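Trainee: Can you keep this structure in mind? I'll have questions shortly.
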Amino acid sequence: MNIMKIEERITKKQLQQIYKCNRKTIKNWELNYNLPIIKVTDKSGFVRLSDLIAWENSMILRNKFIDILES
């Protein structure tokens with residue numbers, strides 16, 4: 001039997017708490033830095049933990065992570 005593992009999801013609200021930023025910043029990252037948000041509604045969404053880690057690593061490799069944290 002193949003049972004799908006449910007991956008941890010991080011909501012936009014949780015991202016704001018993790019990065020100590022507001023929702024406009026999260027939206028900016030989504031639009032300008034390709035933060036892989038999966039939209040549920042216009043105002044709510046989440047990112048899979050593995051996608052967030054991959055996104056952070058790609059930003060670090062491109063020396064963009066500090067830039068986005070300061071934006």
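If you're wondering about the labels, chains in the structure tokens are A, B, ... by order shown, residues count from 1 in each chain, ligands from 1 in order shown.
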What are the DSSP strand (DSSP E or B) residues of chain A, as a JSON list (two decimals) with N, CA and C atoms, in the first residue's frame?

Mentor:
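This is the output file part01.json:
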```json
[["chain", "number", "residue", "atom", "x", "y", "z"],
["A", 9, "ARG", "N", 3.56, 22.21, 6.25],
["A", 9, "ARG", "CA", 3.22, 23.44, 5.53],
["A", 9, "ARG", "C", 3.41, 24.62, 6.47],
["A", 10, "ILE", "N", 3.90, 25.72, 5.91],
["A", 10, "ILE", "CA", 4.10, 26.94, 6.69],
["A", 10, "ILE", "C", 3.22, 28.02, 6.06],
["A", 11, "THR", "N", 2.33, 28.56, 6.87],
["A", 11, "THR", "CA", 1.40, 29.57, 6.37],
["A", 11, "THR", "C", 2.11, 30.91, 6.19],
["A", 38, "ILE", "N", 1.84, 28.63, -2.24],
["A", 38, "ILE", "CA", 0.69, 27.94, -2.83],
["A", 38, "ILE", "C", -0.54, 28.66, -2.30],
["A", 39, "LYS", "N", -1.28, 29.28, -3.20],
["A", 39, "LYS", "CA", -2.45, 30.07, -2.79],
["A", 39, "LYS", "C", -3.64, 29.17, -2.50],
["A", 45, "GLY", "N", -2.39, 31.46, 2.06],
["A", 45, "GLY", "CA", -1.56, 30.55, 1.31],
["A", 45, "GLY", "C", -0.52, 29.93, 2.22],
["A", 46, "PHE", "N", 0.27, 29.03, 1.66],
["A", 46, "PHE", "CA", 1.31, 28.36, 2.44],
["A", 46, "PHE", "C", 2.45, 27.99, 1.52],
["A", 47, "VAL", "N", 3.53, 27.58, 2.14],
["A", 47, "VAL", "CA", 4.68, 27.07, 1.41],
["A", 47, "VAL", "C", 5.07, 25.74, 2.07],
["A", 48, "ARG", "N", 5.42, 24.76, 1.27],
["A", 48, "ARG", "CA", 5.89, 23.49, 1.83],
["A", 48, "ARG", "C", 7.28, 23.72, 2.43]]
```

Trainee: What parts of chain A does DSSP call alpha helix (DSSP H)? I'd like the answer as a ChimeraX atom specification.

Mentor: /A:12-19,23-32,49-61,65-70

Trainee: For Leu15 of chain A, which residue among A:Asn63, A:Ala54, A:Asp42, A:Trp29 is the nearest when counting only C-alpha atoms?

Mentor: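 Nearest to Leu15 of chain A: A:Trp29.
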
Trainee: Just to confirm, what's the straight-line distance from atom CA of Leu31 of chain A to atom CA of Ile53 of chain A in Å (one decimal)?

Mentor: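 Interatomic distance, atom CA of Leu31 of chain A to atom CA of Ile53 of chain A: 17.8 Å.
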
Trainee: So how far away is atom CA of Ile60 of chain A from atom CA of Asn32 of chain A, in Å?

Mentor: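 Taking atom CA of Asn32 of chain A as the start and atom CA of Ile60 of chain A as the end point, the length is 15.5 Å.
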
Trainee: Please provide the set of residues having any atom within 8 Å of Pro36 of chain A, restricted to only C-alpha atoms, with same-chain residues fewer than 5 positions apart removed, written as a PyMOL selection string.

Mentor: chain A and resi 30+47+51-52+55

Trainee: Which is closer to Ile26 of chain A than all the others in A:Leu49, A:Lys13, A:Thr41, A:Leu61, using only C-alpha atoms?

Mentor: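 Residue with the minimum atom-to-atom distance to Ile26 of chain A: A:Lys13.
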
Trainee: Quote the spacing between atom CA of Tyr33 of chain A and atom CA of Gln16 of chain A in Å to one decimal place.

Mentor: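 Calculated distance between atom CA of Tyr33 of chain A and atom CA of Gln16 of chain A is 15.8 Å.
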